[in-house]
Amino acid sequence: MSRRLVEVALPPPLARQLTYAVPSELTETVGLGSVVLVPVQQRLVTGFVVAEDPPAGDLSERAIREISQLIDGTLLSPEIVQLCHFLAEYYLAPLGSALAAALPPGVHITSRRRVRRGTKPPVDGLDPLSQRLIDEVSAAASPLTVTTLKRRLGGRGLEAALRRLSQAGAIDVQPDLQDASVSQRMRQTVQLIDPRPAEEVAAELSRAPRQAACVTALAAAGGRLPKQQLVEDGYGYAILQALQRRGIVDTVDEQVIRDPLANLTNLDAPDLVPTQDQQAALDTVSAAVEKSDSTPILLRGVTGSGKTLVYLRAIEHALSLNRSAIVLVPEIALAWQMVRRFRTHFGEQVAVLHSQLSLGERFDTWQRLRRGEQRIVIGARSALFAPVRDLGILVVDEEHDGSYFQDDLDSKQPLAYSARDLAVVRSRLAGAAVVLGSATPSLESFWNVRRDKYRLAALPSRVDNRPLPTVEVVDMRQEPFQRRERVLFSKTLRLKIHKRLERGEQIVLLQNRRGFAPVVQCGDCGESVECPRCGVSLTCHGAQIQDLRCHYCDHRQPVPDRCAHCQSMEVKLQGVGTQKVETALEEQFPDIRVIRMDVDTTGWKGAHDELVERFRRREADVLLGTQMVAKGLDFPDVTLVGVISADTGLHMPDFRAAERSFQLLTQVAGRSGRGDQPGEVVIQTRLPDEAVLQAAARQDFDAFVENELVERRAAGFPPFGRLVVFRWRGDQIAAVERAAHEGVIRLRQTCKPGVQLLGPAPAPLARLRGRHRWQALLMGPSAQALRQTTSTALTSMRQASSRFDVDLAVVVDPQTTM
């Protein structure tokens, strides 16, 4: 009888798939997603079972080695393993890196092996290394890791000694994937076990009043309380022990669920009746849930049209069919409003997953989802891999947002992927409906509707037919100077702010640059102060005590007294950041209350939610911030939105610059007039005739799209073509340049017809965190042509880069060419 074979993915740096045989005793327990320990040369390595019954190829039956040990049989579901296969293949990433992205918190792609004394005594005549190994393990108060033993005894021959002693039973070697810090948190709980009524028990204890009072307290709390709480309330250990001896109470260990939503204040959300448009969209989505139809549905609704109600009712329908839901949001810290509404509607069924949670909170949430105790998860990119049972619907809110694209520029094992696009893949694997919602859809999603790859569900009007805000574009070139600088607030915006303050209405102001001044520049020679590690302009922070900061590596230094290039004293602060706007508001509007929301004010857990709730409670007149204030916020008392400088980002050297600007302006405008009072928007610009600004002022998505599609088609950019960016990164600029040129030579040799290769050249961010960067751009008509071109050359390109001590990162379907 032939042995059962499986394919095991090994973690980086090996990053390979190898075939192994399953021992007969593990045949029933090893399956897709199992974590196993396998031999590789003379050592044992942790890997994942990623395929069953692979072809043996040229391997003989004898040459195929067996799995050494099963570590976890159910860590990743077959559905998630399939998703990781797609991620690795499409995005040209190591499968081990893709699997690592799907792992639960605190679990590592490689295991740490711990060694302890075995059950049998060591045999006589051990070699010196084995004897030293036994001595080290015997003397240790707790199990030692293999890494520690190698450091103490040397690595040569240690694996063989471990294997021999383990087989003899003299030592026990156990793999450990998980950090101790994320294990279950347990506590002792005291519970009433006497079946009699509490009053009767307390009466019997009349001569021990403290014991009687403890019984009464337990009964009032439902029969159980944490032991520590009882002790703190004055019921000491002696009292509890006496009650336990009498058989009245018992002490048990129970798990403490670390719930990040435990203290969340729910919104008082009314049970709204869907409008006609909402009901039509809901019917479309509900039918897809019932039929397990995974054809993507683009829910295009103007700002304030009630997309969230459609999500709620569609998920409610999925739950009625005993299925689960995943809701992706661009940034979970900005989506607490949605979390509150879902929690109010669905109670403890709702979980939240994101990187700002503690490892313990993420671990408990992951386990509850895995056990099916929670059926709805809301989160950012990583929630895509959540282990929900029987996924019925997957929602991607604000699907156009660039935050859905994962691209770690500096990681040694970079993994670049689009969570929005992978959501479509996971829904297909699960037979789930997928809804992509936005007021300003990405051009790719819009084009997929035109090509009938996606279905469209439209919400063309605001709830209750509230009007969209009126938008006024102000030409800042016509505004006067103050103190040799143009004013920050136009006359139009100043008057409208005054009116809102007088009427007690609220205001949202957008300035998409943080800090006080983005550039510190010499007035004589024009040189700006740059980061020594990144080669970008340093931003001035602080209105009074000023320092310069790099927004990429956080390098800091004081503002110089003179120019380092020409020694001039004419060092000036140029440009406008959120801090400068805040200072100007406080100077020009006495007693104004401002909440500033940017990276500098939201750097700790819960900060976004705290600031948003303060604004909701009317503790401020103005919410000022970067693009954070443009996403997912619903304040009925906001009747004015001001964009301080709409030109920021408009002419960045990136093919999506116009699209991003239109989306940002349209989204932030949509924060105005969502209540009973009509809203107004003021967009300040020095480029009033720009087509993007004019379309955003009219909130005319169709006009913007038609114009942008013409330009994209002419240039061959998405959605009419596909892109792959290659980035070479290293410490020595000459080595990076040589690696880039050699890599491009290899790419040219494999280019398929219709594929165009641009570069190599220094990246727009030519130096980042001390590392030099070059890049090349591959353009082609289809993803398949680019993948064939790239995959053929990629192995040799990486080998060539490693010779120069240079990293090569590959980004498929990049959101930016910067």
# chains A, B, ... in the order shown; residues from 1 in each chain; ligands from 1
call {"tool": "select_by_dssp", "arguments": {"residues": "range 393-513 of chain A", "states": "helix (DSSP H, G or I)", "output": "PyMOL selection string"}}
result
chain A and resi 402-404+419-430+443-450+463-465+476-478+491-503
call {"tool": "closest_atom_pairs", "arguments": {"of": "range 49-135 of chain A", "to": "range 722-739 of chain A", "cutoff": "12 Å", "atoms": "only C-alpha atoms", "output": "tab-separated table"}}
result
residue	atom	partner	partner_atom	distance
A:Tyr90	CA	A:Val724	CA	11.2
A:Tyr91	CA	A:Val724	CA	9.4
A:Leu92	CA	A:Val724	CA	10.2
call {"tool": "residues_around", "arguments": {"residues": "Arg500 in chain A", "least_positions_apart": "3", "cutoff": "12 Å", "atoms": "only C-alpha atoms", "output": "mmCIF file with N, CA, C and O atoms, in the first residue's frame"}}
result
data_model
loop_
_atom_site.group_PDB
_atom_site.id
_atom_site.type_symbol
_atom_site.label_atom_id
_atom_site.label_comp_id
_atom_site.auth_asym_id
_atom_site.auth_seq_id
_atom_site.Cartn_x
_atom_site.Cartn_y
_atom_site.Cartn_z
ATOM 1 N N LEU A 493 -14.600 81.798 3.410
ATOM 2 C CA LEU A 493 -14.568 80.784 4.467
ATOM 3 C C LEU A 493 -14.660 81.429 5.841
ATOM 4 O O LEU A 493 -15.344 80.907 6.736
ATOM 5 N N ARG A 494 -13.992 82.585 6.026
ATOM 6 C CA ARG A 494 -14.053 83.250 7.331
ATOM 7 C C ARG A 494 -15.490 83.634 7.693
ATOM 8 O O ARG A 494 -15.938 83.419 8.821
ATOM 9 N N LEU A 495 -16.216 84.196 6.740
ATOM 10 C CA LEU A 495 -17.594 84.608 7.010
ATOM 11 C C LEU A 495 -18.477 83.409 7.342
ATOM 12 O O LEU A 495 -19.310 83.470 8.253
ATOM 13 N N LYS A 496 -18.272 82.318 6.621
ATOM 14 C CA LYS A 496 -19.106 81.123 6.866
ATOM 15 C C LYS A 496 -18.764 80.489 8.219
ATOM 16 O O LYS A 496 -19.649 79.964 8.906
ATOM 17 N N ILE A 497 -17.489 80.541 8.616
ATOM 18 C CA ILE A 497 -17.123 80.035 9.943
ATOM 19 C C ILE A 497 -17.799 80.876 11.020
ATOM 20 O O ILE A 497 -18.350 80.340 11.997
ATOM 21 N N ARG A 503 -24.426 80.403 15.131
ATOM 22 C CA ARG A 503 -25.624 79.557 15.158
ATOM 23 C C ARG A 503 -25.422 78.275 15.956
ATOM 24 O O ARG A 503 -26.354 77.488 16.109
ATOM 25 N N GLY A 504 -24.206 78.037 16.447
ATOM 26 C CA GLY A 504 -23.955 76.818 17.223
ATOM 27 C C GLY A 504 -23.884 75.570 16.376
ATOM 28 O O GLY A 504 -24.132 74.456 16.886
ATOM 29 N N GLU A 505 -23.545 75.718 15.098
ATOM 30 C CA GLU A 505 -23.380 74.557 14.229
ATOM 31 C C GLU A 505 -21.902 74.178 14.157
ATOM 32 O O GLU A 505 -21.026 74.971 14.533
ATOM 33 N N GLN A 506 -21.635 72.988 13.655
ATOM 34 C CA GLN A 506 -20.265 72.478 13.673
ATOM 35 C C GLN A 506 -19.618 72.524 12.287
ATOM 36 O O GLN A 506 -20.307 72.585 11.258
ATOM 37 N N ILE A 507 -18.275 72.442 12.308
ATOM 38 C CA ILE A 507 -17.475 72.644 11.096
ATOM 39 C C ILE A 507 -16.424 71.555 11.014
ATOM 40 O O ILE A 507 -15.837 71.161 12.027
ATOM 41 N N VAL A 508 -16.160 71.081 9.806
ATOM 42 C CA VAL A 508 -15.046 70.173 9.537
ATOM 43 C C VAL A 508 -14.095 70.871 8.576
ATOM 44 O O VAL A 508 -14.533 71.386 7.534
ATOM 45 N N PHE A 589 -10.337 83.519 15.682
ATOM 46 C CA PHE A 589 -11.683 83.303 16.211
ATOM 47 C C PHE A 589 -11.568 83.059 17.718
ATOM 48 O O PHE A 589 -11.404 81.911 18.153
ATOM 49 N N ILE A 592 -12.844 79.917 20.085
ATOM 50 C CA ILE A 592 -13.207 78.770 19.247
ATOM 51 C C ILE A 592 -12.634 77.493 19.861
ATOM 52 O O ILE A 592 -11.549 77.489 20.451
ATOM 53 N N ASP A 621 -16.149 73.057 18.340
ATOM 54 C CA ASP A 621 -16.860 73.658 17.209
ATOM 55 C C ASP A 621 -16.311 73.161 15.879
ATOM 56 O O ASP A 621 -17.037 73.100 14.884
ATOM 57 N N VAL A 622 -15.000 72.849 15.880
ATOM 58 C CA VAL A 622 -14.314 72.509 14.635
ATOM 59 C C VAL A 622 -13.569 71.193 14.799
ATOM 60 O O VAL A 622 -12.873 70.991 15.804
ATOM 61 N N ASP A 637 -24.814 67.706 12.966
ATOM 62 C CA ASP A 637 -24.735 69.150 13.199
ATOM 63 C C ASP A 637 -23.662 69.837 12.369
ATOM 64 O O ASP A 637 -23.471 71.046 12.492
ATOM 65 N N VAL A 638 -22.925 69.092 11.541
ATOM 66 C CA VAL A 638 -21.919 69.706 10.669
ATOM 67 C C VAL A 638 -22.617 70.279 9.434
ATOM 68 O O VAL A 638 -23.225 69.540 8.652
ATOM 69 N N THR A 639 -22.523 71.576 9.277
ATOM 70 C CA THR A 639 -23.158 72.228 8.126
ATOM 71 C C THR A 639 -22.151 72.937 7.234
ATOM 72 O O THR A 639 -22.535 73.519 6.224
ATOM 73 N N LEU A 640 -20.855 72.912 7.629
ATOM 74 C CA LEU A 640 -19.829 73.545 6.814
ATOM 75 C C LEU A 640 -18.587 72.666 6.782
ATOM 76 O O LEU A 640 -18.112 72.212 7.829
ATOM 77 N N VAL A 641 -18.078 72.444 5.572
ATOM 78 C CA VAL A 641 -16.789 71.783 5.370
ATOM 79 C C VAL A 641 -15.890 72.754 4.623
ATOM 80 O O VAL A 641 -16.309 73.351 3.620
ATOM 81 N N GLN A 677 -30.244 70.455 8.659
ATOM 82 C CA GLN A 677 -29.845 71.713 8.034
ATOM 83 C C GLN A 677 -29.025 71.445 6.777
ATOM 84 O O GLN A 677 -28.219 70.514 6.741
ATOM 85 N N GLY A 679 -26.108 71.748 3.925
ATOM 86 C CA GLY A 679 -24.677 71.904 4.111
ATOM 87 C C GLY A 679 -24.021 72.735 3.025
ATOM 88 O O GLY A 679 -24.542 72.865 1.911
ATOM 89 N N GLU A 680 -22.872 73.301 3.372
ATOM 90 C CA GLU A 680 -22.065 74.063 2.424
ATOM 91 C C GLU A 680 -20.622 73.577 2.482
ATOM 92 O O GLU A 680 -20.152 73.095 3.518
#
call {"tool": "residues_around", "arguments": {"residues": "range 569-571 of chain A", "least_positions_apart": "3", "cutoff": "9 Å", "atoms": "only C-alpha atoms", "output": "list in words"}}
result
Val520, Gln521, Cys522, Gly523, Asp524, Ser528, Val559, Pro560, Asp561, Arg562 and Cys563 of chain A
call {"tool": "select_by_dssp", "arguments": {"residues": "range 161-359 of chain A", "states": "strand (DSSP E)", "output": "VMD selection string"}}
result
chain A and resid 171 to 178 186 to 192 224 to 226 249 to 255 297 to 301 324 to 328 350 to 353
call {"tool": "write_last_selection", "arguments": {"atoms": "N, CA and C atoms", "output": "mmCIF file, in the first residue's frame"}}
result
data_model
loop_
_atom_site.group_PDB
_atom_site.id
_atom_site.type_symbol
_atom_site.label_atom_id
_atom_site.label_comp_id
_atom_site.auth_asym_id
_atom_site.auth_seq_id
_atom_site.Cartn_x
_atom_site.Cartn_y
_atom_site.Cartn_z
ATOM 1 N N ILE A 171 15.424 12.587 26.442
ATOM 2 C CA ILE A 171 14.941 13.960 26.424
ATOM 3 C C ILE A 171 13.611 14.012 25.682
ATOM 4 N N ASP A 172 12.887 15.099 25.890
ATOM 5 C CA ASP A 172 11.609 15.320 25.212
ATOM 6 C C ASP A 172 11.716 16.644 24.464
ATOM 7 N N VAL A 173 11.539 16.619 23.145
ATOM 8 C CA VAL A 173 11.628 17.826 22.319
ATOM 9 C C VAL A 173 10.232 18.164 21.819
ATOM 10 N N GLN A 174 9.715 19.320 22.227
ATOM 11 C CA GLN A 174 8.368 19.721 21.847
ATOM 12 C C GLN A 174 8.401 21.062 21.115
ATOM 13 N N PRO A 175 7.781 21.149 19.947
ATOM 14 C CA PRO A 175 7.703 22.439 19.241
ATOM 15 C C PRO A 175 6.658 23.344 19.882
ATOM 16 N N ASP A 176 6.875 24.650 19.803
ATOM 17 C CA ASP A 176 5.971 25.629 20.395
ATOM 18 C C ASP A 176 5.828 26.788 19.426
ATOM 19 N N LEU A 177 4.671 26.883 18.789
ATOM 20 C CA LEU A 177 4.436 27.952 17.819
ATOM 21 C C LEU A 177 4.042 29.266 18.482
ATOM 22 N N GLN A 178 3.561 29.208 19.688
ATOM 23 C CA GLN A 178 2.824 30.325 20.247
ATOM 24 C C GLN A 178 3.570 31.033 21.363
ATOM 25 N N MET A 186 -6.695 33.105 32.505
ATOM 26 C CA MET A 186 -7.602 32.408 33.408
ATOM 27 C C MET A 186 -7.713 33.179 34.721
ATOM 28 N N ARG A 187 -8.843 32.998 35.415
ATOM 29 C CA ARG A 187 -9.013 33.568 36.751
ATOM 30 C C ARG A 187 -9.849 32.606 37.587
ATOM 31 N N GLN A 188 -9.686 32.708 38.897
ATOM 32 C CA GLN A 188 -10.468 31.884 39.802
ATOM 33 C C GLN A 188 -11.797 32.574 40.089
ATOM 34 N N THR A 189 -12.872 31.783 39.986
ATOM 35 C CA THR A 189 -14.217 32.296 40.213
ATOM 36 C C THR A 189 -14.888 31.468 41.299
ATOM 37 N N VAL A 190 -15.555 32.153 42.190
ATOM 38 C CA VAL A 190 -16.302 31.488 43.261
ATOM 39 C C VAL A 190 -17.763 31.404 42.843
ATOM 40 N N GLN A 191 -18.352 30.200 42.938
ATOM 41 C CA GLN A 191 -19.743 30.041 42.540
ATOM 42 C C GLN A 191 -20.522 29.299 43.625
ATOM 43 N N LEU A 192 -21.780 29.679 43.783
ATOM 44 C CA LEU A 192 -22.667 28.991 44.718
ATOM 45 C C LEU A 192 -23.008 27.610 44.176
ATOM 46 N N ARG A 224 -22.185 33.784 40.942
ATOM 47 C CA ARG A 224 -20.739 33.640 40.742
ATOM 48 C C ARG A 224 -20.085 35.021 40.653
ATOM 49 N N LEU A 225 -18.884 35.107 41.227
ATOM 50 C CA LEU A 225 -18.087 36.329 41.180
ATOM 51 C C LEU A 225 -16.615 35.957 41.159
ATOM 52 N N PRO A 226 -15.771 36.798 40.550
ATOM 53 C CA PRO A 226 -14.330 36.540 40.611
ATOM 54 C C PRO A 226 -13.848 36.516 42.065
ATOM 55 N N VAL A 249 -20.020 26.840 48.520
ATOM 56 C CA VAL A 249 -19.424 27.417 47.316
ATOM 57 C C VAL A 249 -18.318 26.500 46.818
ATOM 58 N N ASP A 250 -17.904 26.740 45.597
ATOM 59 C CA ASP A 250 -16.757 26.041 45.028
ATOM 60 C C ASP A 250 -15.965 27.060 44.212
ATOM 61 N N THR A 251 -14.691 26.810 44.074
ATOM 62 C CA THR A 251 -13.812 27.680 43.284
ATOM 63 C C THR A 251 -13.423 26.969 42.005
ATOM 64 N N VAL A 252 -13.634 27.643 40.871
ATOM 65 C CA VAL A 252 -13.313 27.058 39.568
ATOM 66 C C VAL A 252 -12.469 28.032 38.774
ATOM 67 N N ASP A 253 -11.712 27.484 37.836
ATOM 68 C CA ASP A 253 -10.954 28.322 36.904
ATOM 69 C C ASP A 253 -11.806 28.590 35.676
ATOM 70 N N GLU A 254 -11.863 29.847 35.238
ATOM 71 C CA GLU A 254 -12.604 30.176 34.023
ATOM 72 C C GLU A 254 -11.794 31.148 33.188
ATOM 73 N N GLN A 255 -12.031 31.089 31.881
ATOM 74 C CA GLN A 255 -11.298 31.960 30.973
ATOM 75 C C GLN A 255 -11.844 33.385 31.038
ATOM 76 N N ILE A 297 -20.782 42.808 -6.180
ATOM 77 C CA ILE A 297 -21.818 43.835 -6.301
ATOM 78 C C ILE A 297 -21.204 45.166 -5.895
ATOM 79 N N LEU A 298 -21.159 46.120 -6.804
ATOM 80 C CA LEU A 298 -20.664 47.456 -6.492
ATOM 81 C C LEU A 298 -21.838 48.289 -6.005
ATOM 82 N N LEU A 299 -21.837 48.618 -4.701
ATOM 83 C CA LEU A 299 -22.878 49.461 -4.113
ATOM 84 C C LEU A 299 -22.397 50.900 -4.186
ATOM 85 N N ARG A 300 -22.829 51.593 -5.222
ATOM 86 C CA ARG A 300 -22.430 52.980 -5.425
ATOM 87 C C ARG A 300 -23.520 53.889 -4.892
ATOM 88 N N GLY A 301 -23.206 54.585 -3.806
ATOM 89 C CA GLY A 301 -24.192 55.474 -3.204
ATOM 90 C C GLY A 301 -23.561 56.787 -2.836
ATOM 91 N N SER A 324 -21.994 33.566 8.255
ATOM 92 C CA SER A 324 -21.214 34.599 8.941
ATOM 93 C C SER A 324 -20.903 35.748 7.990
ATOM 94 N N ALA A 325 -20.281 36.796 8.561
ATOM 95 C CA ALA A 325 -20.004 38.004 7.775
ATOM 96 C C ALA A 325 -18.659 38.597 8.161
ATOM 97 N N ILE A 326 -17.976 39.156 7.155
ATOM 98 C CA ILE A 326 -16.771 39.952 7.357
ATOM 99 C C ILE A 326 -17.035 41.325 6.764
ATOM 100 N N VAL A 327 -16.728 42.379 7.536
ATOM 101 C CA VAL A 327 -16.850 43.754 7.049
ATOM 102 C C VAL A 327 -15.467 44.386 7.112
ATOM 103 N N LEU A 328 -14.916 44.736 5.959
ATOM 104 C CA LEU A 328 -13.617 45.399 5.895
ATOM 105 C C LEU A 328 -13.833 46.902 5.824
ATOM 106 N N VAL A 350 -20.759 40.570 17.342
ATOM 107 C CA VAL A 350 -19.820 41.414 16.607
ATOM 108 C C VAL A 350 -18.448 41.366 17.261
ATOM 109 N N ALA A 351 -17.431 41.092 16.445
ATOM 110 C CA ALA A 351 -16.034 41.129 16.878
ATOM 111 C C ALA A 351 -15.303 42.177 16.053
ATOM 112 N N VAL A 352 -14.166 42.614 16.577
ATOM 113 C CA VAL A 352 -13.357 43.580 15.850
ATOM 114 C C VAL A 352 -11.917 43.095 15.853
ATOM 115 N N LEU A 353 -11.244 43.217 14.714
ATOM 116 C CA LEU A 353 -9.854 42.789 14.581
ATOM 117 C C LEU A 353 -9.049 43.892 13.905
#
call {"tool": "atom_distance", "arguments": {"atom1": "CA of Glu331 in chain A", "atom2": "CA of Asp600 in chain A"}}
result
16.2 Å
call {"tool": "atom_distance", "arguments": {"atom1": "CA of Asp647 in chain A", "atom2": "CA of Asp397 in chain A"}}
result
26.3 Å
call {"tool": "residues_around", "arguments": {"residues": "Met476 in chain A", "least_positions_apart": "4", "cutoff": "9 Å", "atoms": "only C-alpha atoms", "output": "ChimeraX atom specification"}}
result
/A:480,486-490,645,684-688
